[in-house]
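Engineer: The structure under discussion is supplied below as structure tokens; questions concerning it will follow.
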There are 4 protein chains.
Amino acid sequence: MIIVMSRQATDSQLDAVVERVKEIGLRPEISRGEDRAVIGVIGGNAYAYREAFSHLPAIQEIVQITKPFKLGSREFQPHDTVVDVAGVPIGGDNVVVMAGPCSVEGEEMLLKTAAFVAARGARILRGGAFKPRTSPYSFQGLGEAGLRMLARAREVTGLRIVSEVVTPADVELLVRYADMLQVGTRNMQNYALLQEVGRAGKPVLLKRGMSSTVEEWLLAAEYILSQGNRDVVLCERGIRTFESSTRFTLDLNSVPLVRELSHLPVVVDPSQGTGKWSLVRPMSLAAVAAGAQGLIVEVHPRPDEALSDGAQSLDFQSFERLMRDVERLMAAMAPAPA
Amino acid sequence: MIIVMSRQATDSQLDAVVERVKEIGLRPEISRGEDRAVIGVIGGNAYAYREAFSHLPAIQEIVQITKPFKLGSREFQPHDTVVDVAGVPIGGDNVVVMAGPCSVEGEEMLLKTAAFVAARGARILRGGAFKPRTSPYSFQGLGEAGLRMLARAREVTGLRIVSEVVTPADVELLVRYADMLQVGTRNMQNYALLQEVGRAGKPVLLKRGMSSTVEEWLLAAEYILSQGNRDVVLCERGIRTFESSTRFTLDLNSVPLVRELSHLPVVVDPSQGTGKWSLVRPMSLAAVAAGAQGLIVEVHPRPDEALSDGAQSLDFQSFERLMRDVERLMAAMAPAPA
Amino acid sequence: MIIVMSRQATDSQLDAVVERVKEIGLRPEISRGEDRAVIGVIGGNAYAYREAFSHLPAIQEIVQITKPFKLGSREFQPHDTVVDVAGVPIGGDNVVVMAGPCSVEGEEMLLKTAAFVAARGARILRGGAFKPRTSPYSFQGLGEAGLRMLARAREVTGLRIVSEVVTPADVELLVRYADMLQVGTRNMQNYALLQEVGRAGKPVLLKRGMSSTVEEWLLAAEYILSQGNRDVVLCERGIRTFESSTRFTLDLNSVPLVRELSHLPVVVDPSQGTGKWSLVRPMSLAAVAAGAQGLIVEVHPRPDEALSDGAQSLDFQSFERLMRDVERLMAAMAPAPA
Amino acid sequence: MIIVMSRQATDSQLDAVVERVKEIGLRPEISRGEDRAVIGVIGGNAYAYREAFSHLPAIQEIVQITKPFKLGSREFQPHDTVVDVAGVPIGGDNVVVMAGPCSVEGEEMLLKTAAFVAARGARILRGGAFKPRTSPYSFQGLGEAGLRMLARAREVTGLRIVSEVVTPADVELLVRYADMLQVGTRNMQNYALLQEVGRAGKPVLLKRGMSSTVEEWLLAAEYILSQGNRDVVLCERGIRTFESSTRFTLDLNSVPLVRELSHLPVVVDPSQGTGKWSLVRPMSLAAVAAGAQGLIVEVHPRPDEALSDGAQSLDFQSFERLMRDVERLMAAMAPAPA
């Protein structure tokens with residue numbers, strides 16, 4: 001952290017700041033220029049104490065120097081993390097496709113969907129058993145019955161399972177059934193939940209909060225990582241903007257940016273990120289081209305009968321076309337003679 | 001819900017839509033114009049089924065007619081709800097001031113602050129014992145020890161207590177100490193928490209999600225109301241926008257708008273909503289002038305020593321001036337000979 | 001400007017940065033800490049050259065120290081500017097009300113409106129003769145015929161006239177008829193227009209761009225000020241956010257913030273800023289309570305027959321009530337024994 | 001347009017609405033359901049008159065049915081427009097690369113850059129002679145001298161020229177030198193300028209306003225198209241959101257969406273849309289994968305010496321790599337056996 005004094009600061013105002021730095025247990029390093037004085041503040045996590053200076057007079061600016069996240073940063077670990085989801089690796093140069101219905105609605109439709117997406121190359125089955133819905137009057141998911149259906153689909157198809165957990169009390173239940181726990185966009189800053197999944201011993205798919213900056217997203221990952229769980233997969237799923245012709249604005253800028261800042265794998269959800277099934281294929285391709293290490297796509301045998309998010313679900317034919325195009329794209333992008 | 005067919009829709013496409021309406025158990029009411037056909041869909045909560053139509057061909061538009069929230073709406077209850085917080089009424093023509101430190105940091109500072117704000121006219125003491133913080137490395141609150149200090153301050157000053165609950169497992173604990181439970185901005189869509197506070201038997205202060213529309217906020221209230229708890233106070237606390245010179249953009253438009261749409265009381269948090277103590281007084285006055293039925297303000301005996309949010313906390317002198325100005329304003333606004 | 005080197009920076013990387021500073025003609029001031037080196041860069045407008053450093057290696061951060069606007073800043077002029085609009089002062093402790101129809105639609109309705117608002121205390125008549133409309137198929141205004149009607153209304157009522165100019169070629173025409181030129185939200189960064197009104201010799205009402213930060217708004221004012229025209233009145237009129245239940249989000253935070261940063265007067269447009277006539281009265285009062293030095297309000301004798309923006313226009317009765325409430329508020333706020 | 005009456009509407013309230021429809025010269029088509037009445041309003045551009053109904057009682061909702069843009073819509077013209085830029089086609093299945101410096105800074109650097117990008121496959125040279133800058137104290141471009149340098153570069157390399165026009169008075173000048181006129185993001189709603197370029201007889205590159213919806217962008221195109229100029233190329237260049245770690249949020253959702261809604265070609269500016277050169281390559285690939293029909297990329301021989309936007313400019317080596325990757329991607333995407 002660097003504290004920049006204003007040009008008019010008096011010596012005693014400078015002293016007051018230096019004094020405060022020492023009180024907190026940090027080390028000040030003063031450099032007086034002709035123009036103004038600047039105080040470097042050295043010590044672990046100095047920026048967390050910036051508010052201790054907010055009411056002192058004659059401070060022009062307080063500047064954060066080091067990134068506030070650690071365990072997730074590239075500086076902490078230069079090479080890509082590869083997360084092992086019960087034998088399926090996410091990270092590095094792979095592109096893993098996760099597919100399935102928005103919510104688990106019944107065993108038959110689930111098995112049918114699972115068999116289809118597995119045959120076309122998906123490795124992980126998605127499906128919500130607990131659904132966070134904006135209205136209390138909407139379908140809220142089948143709960144444990146849904147989880148049992150997912151487990152049955154795993155048995156039959158060999159797909160791994162990812163499913164959402166919405167409250168700390170359910171983590172134990174999810175751990176019994178799923179191979180990867182999903183934390184949804186509305187819970188990205190539910191810190192009690194983040195800490196609980198940090199202790200769960202299973203990989204976590206952490207969706208970006210719909211109004212969270214990339215930095216806040218990496219700090220949310222930090223909550224999980226700092227509990228000892230290093231298997232975090234980040235998922236860009238669109239942010240909220242003024243544009244209303246799509247459900248969210250899929251922020252693909254975040255994909256190469258996160259890959260610069262962090263060693264964690266990053267995947268993309270083009271179904272949530274667009275809200276329109278006709279945009280899912282082009283935006284899936286865009287995500288992979290931008291460097292995403294996976295996709296999570298909503299697929300439903302009859303999207304117009306879905307109990308949730310039908311408008312953004314692919315039917316089987318569209319999913320098949322998507323997988324063909326993704327494969328062609330990956331073949332072209334792959335061993336780039338950089 | 002109204003389904004507008006496209007101009008080119010064939011009879012069989014129209015029939016398919018009508019068929020689907022009946023399958024769901026709703027009632028269609030067709031009106032064929034020269035230009036196009038329109039289908040009124042009648043039945044409780046029809047709009048929740050809109051996705052059942054999303055993949056049918058020849059539909060131009062699906063229009064929601066009734067508001068998706070019920071118990072909280074003015075149509076459901078025309079007169080203002082007045083929430084009773086252990087004898088202190090919020091709602092109607094009152095303007096209640098809640099004040100106190102962002103987080104409870106120690107008994108002495110808390111008692112000192114409580115005594116001061118009580119003497120200047122505040123009725124409710126705010127103070128966080130459990131703090132949801134963006135970084136896992138920031139101060140997270142004193143937990144139950146903090147709650148005990150709040151209870152002690154209530155004994156001494158007679159102020160009521162509002163404090164934040166961050167996870168369903170803590171609701172019972174909070175209920176033992178606080179007079180009103182606060183659900184923070186990051187948990188506005190934590191539905192497990194909303195349902196739990198809906199069963200807690202204590203009034204709830206529901207902060208607006210920093211990226212939530214007014215409609216989503218009222219739907220979050222609906223989660224609490226539908227559990228049988230009718231004592232919900234809404235709190236505007238700023239939304240996230242592109243503007244970065246203030247911490248959030250305090251959306252005062254929402255105050256008169258919520259008062260049109262809902263019978264629930266609405267209060268404003270100018271500390272969070274600006275992030276700058278020098279803006280707290282003018283924006284408090286603006287909130288009251290816009291029709292807010294209360295304020296929740298951060299006050300700290302020495303803001304520059306606060307462990308959280310010092311930059312937006314008032315010191316005693318500024319709080320005193322604020323209360324004087326609020327009183328003058330209320331006197332002027334009060335019995336308007338409309 | 002301060003350049004913070006990364007911890008790993010080598011001496012030759014530091015030298016390269018210092019060299020570049022000198023090349024540009026600025027003066028470097030190096031301070032080497034144990035932890036890292038920091039280079040103060042001294043010289044007028046140094047931050048404008050920050051991109052000259054963007055590709056140099058081993059730079060951690062480049063920090064802007066001084067505000068990029070000058071003539072409009074409080075540092076440049078500590079006391080409030082009071083703009084003289086043909087004898088009507090805007091700024092200081094006054095609250096001036098500007099009122100009138102969104103667009104001038106005909107002489108009779110204009111004279112009727114002007115007479116009414118003048119009798120209730122408005123000092124300036126607003127009315128668009130040139131309208132920037134989102135669609136080319138919407139009503140675009142009456143042009144010079146509209147300006148002549150405004151001039152006639154001034155003669156009859158004594159009100160001053162403010163009207164929008166949308167292109168540099170029309171500035172001369174507007175100058176002949178209006179007492180104050182309005183630059184609308186869509187033209188806030190139309191720099192050719194800003195420079196032209198900067199040379200026009202008439203006061204300018206500069207609306208905030210609907211997606212402009214406060215800093216960009218003050219920089220737009222700087223374009224006018226730097227042409228020699230010091231009579232700039234800033235107008236907050238709402239910003240674009242994700243909230244769709246109001247037309248824009250009126251950012252009243254900007255009012256006290258601008259008054260801290262700048263000596264220019266700031267007024268508020270609650271009609272544009274809400275898009276709903278029923279919110280205009282409460283938000284007008286909120287604006288004045290926040291410190292606005294004026295209001296600009298759309299009034300129409302029969303809002304439901306307006307050719308533009310009828311939904312946000314007050315009728316005569318509502319305007320009368322607004323003026324009564326504003327006066328009571330001002331009386332209460334006025335000579336605050338600070 | 002459809003007007004939905006509220007459930008409680010009386011017959012005389014319904015009659016008042018019908019009366020108003022007729023007064024305006026539109027045709028009402030009433031359908032009375034059990035639940036409520038709905039009035040279809042038929043006639044060209046009916047929605048433009050929606051405000052005529054805004055103050056009438058007992059209206060629940062007014063719904064727009066037809067899209068407000070016409071000439072640019074897919075309904076108006078089903079096949080892709082291919083714009084001819086002095087012999088270089090933009091649109092259809094082509095991907096055209098436009099490259100060059102942000103601003104023209106001198107002849108030598110311009111010729112060097114032009115020669116390099118031409119050799120690697122760019123077809124059009126970009127370069128600003130008139131620069132709209134946020135601060136009046138920043139470099140504003142070389143003006144006509146810059147245009148002459150661009151013309152010279154065209155002679156030498158055969159590249160076509162695109163350059164920005166910032167005010168109607170300059171259109172004639174630009175037409176003399178450039179093959180395509182660019183309207184920048186800050187001028188997307190400068191209607192006087194749009195109309196002038198609509199009469200200029202040269203193709204127009206219309207950048208999306210940084211806070212404009214896709215609908216507003218297509219309406220801005222409509223201003224140009226309705227003047228008789230059908231050669232409009234749309235350019236997505238990022239929108240303003242709360243995310244501050246990139247300069248803008250590149251909204252690639254808009255690419256497939258615009259291609260659904262409109263027949264006009266759409267290209268992407270990854271330099272403006274990210275603000276960081278290291279993100280330009282991945283986001284260029286993403287844009288092409290999403291269906292963009294061109295890229296416009298900032299390239300500078302020494303980005304760290306650029307007078308504007310150096311941080312987002314590619315150097316020659318990075319541009320070379322980008323072109324190699326774009327070509328591989330296009331080869332893979334091309335003749336998709338759909």
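Residues are referred to by chain and number: the chain letter is A, B, ... according to the order shown in the structure tokens, the number counts from 1 in that chain, and ligands are numbered separately from 1 in the order shown.
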Considering only C-alpha atoms, extract the chain C residues located within 9 Å of chain D and return them as a PyMOL selection string.
Structural biologist: chain C and resi 45+48-49+51-56+68-69+132-139+166-169+186-193+210-211+216+219-220+222-223+226+240-241+302-312
Engineer: Could you list, as a PyMOL selection string, every residue within 9 Å of Ser318 of chain C, counting only C-alpha atoms and ignoring same-chain residues fewer than 2 positions away?
Structural biologist: chain C and resi 277-278+281+299+314-316+320-323
Engineer: How would you write, as a list in words, the set of residues in segment 12-91 of chain A that DSSP gives as alpha helix (DSSP H)?
Structural biologist: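 Result set for segment 12-91 of chain A (alpha helix (DSSP H)): Ser12, Gln13, Leu14, Asp15, Ala16, Val17, Val18, Glu19, Arg20, Val21, Lys22, Glu23 and Ile24 of chain A.
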Engineer: Just want the 12 Å neighbourhood of segment 261-264 of chain B, counted on only C-alpha atoms, with same-chain residues fewer than 2 positions away dropped. Output as a VMD selection string.
Structural biologist: (chain B and resid 67 to 83 90 to 92 203 to 206 214 to 215 217 to 219 221 to 222 225 230 to 235 254 to 259 266 to 267 292 to 293) or (chain C and resid 245 278)
Engineer: Would you kindly return, as a list in words, each protein, DNA or RNA residue with an atom no farther than 12 Å from any atom of Glu19 of chain A, considering only C-alpha atoms and excluding same-chain residues fewer than 6 positions away?
Structural biologist: Ser12, Gln13, Gly25, Leu26, Arg27, Pro28, Glu29, Ile30, Ile39, Val41, Ala52, Phe53 and Leu56 of chain A
Engineer: Give me a file of those residues, with N, CA, C and O atoms, as an mmCIF file, in the first residue's frame.
Structural biologist:
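Wrote result_11.cif, looks like this:
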data_model
loop_
_atom_site.group_PDB
_atom_site.id
_atom_site.type_symbol
_atom_site.label_atom_id
_atom_site.label_comp_id
_atom_site.auth_asym_id
_atom_site.auth_seq_id
_atom_site.Cartn_x
_atom_site.Cartn_y
_atom_site.Cartn_z
ATOM 1 N N SER A 12 3.366 17.875 10.571
ATOM 2 C CA SER A 12 2.676 17.165 11.648
ATOM 3 C C SER A 12 1.579 16.267 11.095
ATOM 4 O O SER A 12 1.271 15.220 11.661
ATOM 5 N N GLN A 13 1.022 16.643 9.960
ATOM 6 C CA GLN A 13 0.048 15.752 9.327
ATOM 7 C C GLN A 13 0.735 14.491 8.804
ATOM 8 O O GLN A 13 0.214 13.379 8.923
ATOM 9 N N GLY A 25 1.096 -1.738 13.397
ATOM 10 C CA GLY A 25 2.091 -2.799 13.341
ATOM 11 C C GLY A 25 2.690 -2.968 11.962
ATOM 12 O O GLY A 25 3.290 -4.001 11.656
ATOM 13 N N LEU A 26 2.519 -1.950 11.125
ATOM 14 C CA LEU A 26 3.114 -2.000 9.787
ATOM 15 C C LEU A 26 4.343 -1.094 9.764
ATOM 16 O O LEU A 26 4.595 -0.354 10.702
ATOM 17 N N ARG A 27 5.090 -1.173 8.666
ATOM 18 C CA ARG A 27 6.320 -0.413 8.604
ATOM 19 C C ARG A 27 6.221 0.683 7.539
ATOM 20 O O ARG A 27 5.953 0.401 6.385
ATOM 21 N N PRO A 28 6.420 1.967 7.950
ATOM 22 C CA PRO A 28 6.351 3.060 6.979
ATOM 23 C C PRO A 28 7.706 3.298 6.322
ATOM 24 O O PRO A 28 8.749 3.080 6.948
ATOM 25 N N GLU A 29 7.675 3.731 5.086
ATOM 26 C CA GLU A 29 8.902 4.067 4.378
ATOM 27 C C GLU A 29 8.620 5.370 3.640
ATOM 28 O O GLU A 29 7.933 5.376 2.631
ATOM 29 N N ILE A 30 9.151 6.447 4.189
ATOM 30 C CA ILE A 30 8.787 7.774 3.688
ATOM 31 C C ILE A 30 9.710 8.208 2.560
ATOM 32 O O ILE A 30 10.919 8.001 2.648
ATOM 33 N N ILE A 39 4.260 7.721 1.270
ATOM 34 C CA ILE A 39 4.650 6.765 2.305
ATOM 35 C C ILE A 39 4.340 5.350 1.832
ATOM 36 O O ILE A 39 3.171 5.002 1.607
ATOM 37 N N VAL A 41 3.807 1.574 2.675
ATOM 38 C CA VAL A 41 3.446 0.869 3.898
ATOM 39 C C VAL A 41 3.707 -0.612 3.673
ATOM 40 O O VAL A 41 3.095 -1.231 2.796
ATOM 41 N N ALA A 52 -8.222 2.707 8.241
ATOM 42 C CA ALA A 52 -7.654 3.331 9.430
ATOM 43 C C ALA A 52 -7.115 4.719 9.099
ATOM 44 O O ALA A 52 -6.807 5.509 9.985
ATOM 45 N N PHE A 53 -6.996 5.020 7.799
ATOM 46 C CA PHE A 53 -6.439 6.303 7.392
ATOM 47 C C PHE A 53 -7.483 7.226 6.777
ATOM 48 O O PHE A 53 -7.182 8.352 6.404
ATOM 49 N N LEU A 56 -7.948 10.719 8.387
ATOM 50 C CA LEU A 56 -6.786 11.571 8.662
ATOM 51 C C LEU A 56 -6.688 12.661 7.602
ATOM 52 O O LEU A 56 -6.926 12.411 6.429
#
Engineer: Name the residues of segment 90-249 of chain B that fall into strand (DSSP E) according to DSSP on the backbone, using the chain letters and numbers of this document, as JSON, numbers by chain.
Structural biologist: {"B": [90, 96, 97, 98, 99, 100, 124, 125, 126, 160, 161, 162, 163, 164, 180, 181, 182, 183, 204, 205, 206, 207, 232, 233, 234, 235, 236]}
Engineer: Please determine, counting only C-alpha atoms, which residue among A:Gly106, A:Gly275, A:Gly294, A:Gly141 has the shortest atom-to-atom distance to Asn94 of chain A.
Structural biologist: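 That would be A:Gly294, the residue with the smallest distance to Asn94 of chain A.
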Engineer: With only C-alpha atoms as the counted atoms, please give the residues lying no more than 8 Å from Val326 of chain A, apart from itself and same-chain residues fewer than 4 positions off, as a list of chain:residue names.
Structural biologist: A:Ser284, A:Leu285, A:Val288, A:Leu322, A:Met330
Engineer: Could you work out how far atom CA of Arg328 of chain A lies from atom CA of Asp93 of chain A, giving the answer in Å with one decimal?
Structural biologist: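 Separating atom CA of Asp93 of chain A from atom CA of Arg328 of chain A is a distance of 15.2 Å.
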Engineer: Would you compute the distance between atom CA of Gly87 of chain B and atom CA of Glu155 of chain B? Give it in Å to one decimal.
Structural biologist: 14.7 Å
